[in-house]
Amino acid sequence: MITGGRYRINRLCGGWLALTLWLGAPAGCGLSHAGPRGRETTVAVGATEEGVATYYSSSLAGHRTASGDRYDPAQLTAAHRTWPFGTRVRVIRLGTGPLRSVVVRVNDRGPFGGGRIIDLSLAAARQLDMLGPGKIRVRLEVVQRRSNL
């Protein structure tokens with residue numbers, strides 16, 4: 001959900017803080033925010049999706065994700081708007097250059113804007129060689145349905 005840069009994080013969190021206060025919900029800024037676009041759906045092994053991936057800022061290390069896990073930049077995890085927590089997803093970098101892929105575990109909700117379909121941990125982003133560009137085109141393939149968290 002967060003692509004780096006302290007200004008972007010503060011802007012995003014500040015907006016959610018205002019929204020949660022306006023709605024009368026408990027305030028705070030974690031890694032994700034459940035909402036109408038973040039409801040869990042079922043997904044079959046082999047399901048695919050294509051779009052843009054971004055990655056979490058390392059400054060969010062230790063913050064709780066929507067699943068209750070603490071974000072660890074060294075783990076291969078990701079945020080998806082609707083796929084169940086624990087789902088294992090192969091993320092394949094599309095475009096020029098050598099084929100790169102990584103398998104991640106969904107443990108958060110998001111991203112909720114900018115036409116993105118998945119937010120990756122820092123470790124996953126490194127394996128896809130996306131730290132420079134910050135966002136890349138990817139194909140997602142479900143390789144295992146929900147596993148024990």
# chains A, B, ... in the order shown; residues from 1 in each chain; ligands from 1
call {"tool": "residues_around", "arguments": {"residues": "range 120-123 of chain A", "least_positions_apart": "6", "cutoff": "10 Å", "atoms": "only C-alpha atoms", "output": "JSON, numbers by chain"}}
result
{"A": [1, 2, 3, 53, 54, 55, 56, 57, 58, 61, 71, 72, 73, 74, 75, 76, 77, 78, 79, 80, 91, 102, 104, 105, 106, 108, 111, 129, 130, 131]}
call {"tool": "closest_residue", "arguments": {"among": "A:Gly114, A:Gly51, A:Gly46, A:Gly68", "to": "Thr87 in chain A", "atoms": "only C-alpha atoms"}}
result
A:Gly46
call {"tool": "residues_around", "arguments": {"residues": "range 138-147 of chain A", "least_positions_apart": "3", "cutoff": "8 Å", "atoms": "only C-alpha atoms", "output": "list in words"}}
result
Val43, Ala44, Val45, Gly46, Ala47, Thr48, Glu49, Glu50, Gly51, Val52, Ala53, Pro84, Phe85, Gly86, Thr87, Arg88, Val89, Arg90, Val91, Ile92, Arg93 and Leu94 of chain A
call {"tool": "write_last_selection", "arguments": {"atoms": "C-alpha atoms", "output": "tab-separated table (two decimals), in the first residue's frame"}}
result
chain	number	residue	atom	x	y	z
A	43	VAL	CA	-9.99	-17.76	-4.89
A	44	ALA	CA	-9.04	-20.94	-6.74
A	45	VAL	CA	-5.54	-22.30	-7.24
A	46	GLY	CA	-4.47	-21.19	-10.71
A	47	ALA	CA	-6.40	-17.90	-10.63
A	48	THR	CA	-4.47	-15.05	-12.27
A	49	GLU	CA	-4.54	-11.27	-12.29
A	50	GLU	CA	-2.37	-8.70	-14.10
A	51	GLY	CA	-1.61	-5.15	-13.12
A	52	VAL	CA	0.83	-2.92	-11.23
A	53	ALA	CA	2.75	-3.89	-8.08
A	84	PRO	CA	-7.75	-14.59	1.73
A	85	PHE	CA	-4.97	-14.20	4.26
A	86	GLY	CA	-2.50	-17.07	3.95
A	87	THR	CA	-2.97	-17.45	0.20
A	88	ARG	CA	0.36	-18.12	-1.55
A	89	VAL	CA	0.78	-16.10	-4.73
A	90	ARG	CA	3.48	-16.25	-7.39
A	91	VAL	CA	4.29	-12.72	-8.54
A	92	ILE	CA	5.88	-12.65	-12.00
A	93	ARG	CA	7.57	-9.51	-13.31
A	94	LEU	CA	6.34	-8.65	-16.81
call {"tool": "atom_distance", "arguments": {"atom1": "CA of Ala124 in chain A", "atom2": "CA of Ser101 in chain A"}}
result
8.9 Å
call {"tool": "closest_residue", "arguments": {"among": "A:Arg116, A:Thr82, A:Gln127, A:His63", "to": "Val103 in chain A", "atoms": "only C-alpha atoms"}}
result
A:Gln127
call {"tool": "select_by_dssp", "arguments": {"residues": "range 33-72 of chain A", "states": "strand (DSSP E)", "output": "PyMOL selection string"}}
result
chain A and resi 48-55
call {"tool": "atom_distance", "arguments": {"atom1": "CA of Thr41 in chain A", "atom2": "CA of Leu60 in chain A"}}
result
26.2 Å
call {"tool": "atom_distance", "arguments": {"atom1": "CA of Arg64 in chain A", "atom2": "CA of Gly110 in chain A"}}
result
13.5 Å
call {"tool": "closest_residue", "arguments": {"among": "A:Glu40, A:Leu128, A:Asn107, A:Asp119", "to": "Trp83 in chain A", "atoms": "only C-alpha atoms"}}
result
A:Glu40
call {"tool": "select_by_dssp", "arguments": {"residues": "range 60-129 of chain A", "states": "alpha helix (DSSP H)", "output": "VMD selection string"}}
result
chain A and resid 122 to 127
call {"tool": "write_last_selection", "arguments": {"atoms": "N, CA and C atoms", "output": "short mmCIF file (atom, residue, chain, number, x, y, z; two decimals), in the first residue's frame"}}
result
data_model
loop_
_atom_site.label_atom_id
_atom_site.label_comp_id
_atom_site.auth_asym_id
_atom_site.auth_seq_id
_atom_site.Cartn_x
_atom_site.Cartn_y
_atom_site.Cartn_z
N LEU A 122 9.48 -5.59 1.26
CA LEU A 122 10.77 -5.16 0.73
C LEU A 122 11.57 -6.35 0.19
N ALA A 123 11.55 -7.49 0.89
CA ALA A 123 12.28 -8.67 0.43
C ALA A 123 11.76 -9.16 -0.92
N ALA A 124 10.44 -9.17 -1.08
CA ALA A 124 9.85 -9.60 -2.36
C ALA A 124 10.21 -8.61 -3.46
N ALA A 125 10.18 -7.32 -3.15
CA ALA A 125 10.53 -6.29 -4.13
C ALA A 125 11.97 -6.46 -4.60
N ARG A 126 12.86 -6.79 -3.67
CA ARG A 126 14.27 -7.01 -4.04
C ARG A 126 14.40 -8.17 -5.01
N GLN A 127 13.67 -9.26 -4.73
CA GLN A 127 13.77 -10.44 -5.61
C GLN A 127 13.25 -10.14 -7.01
#
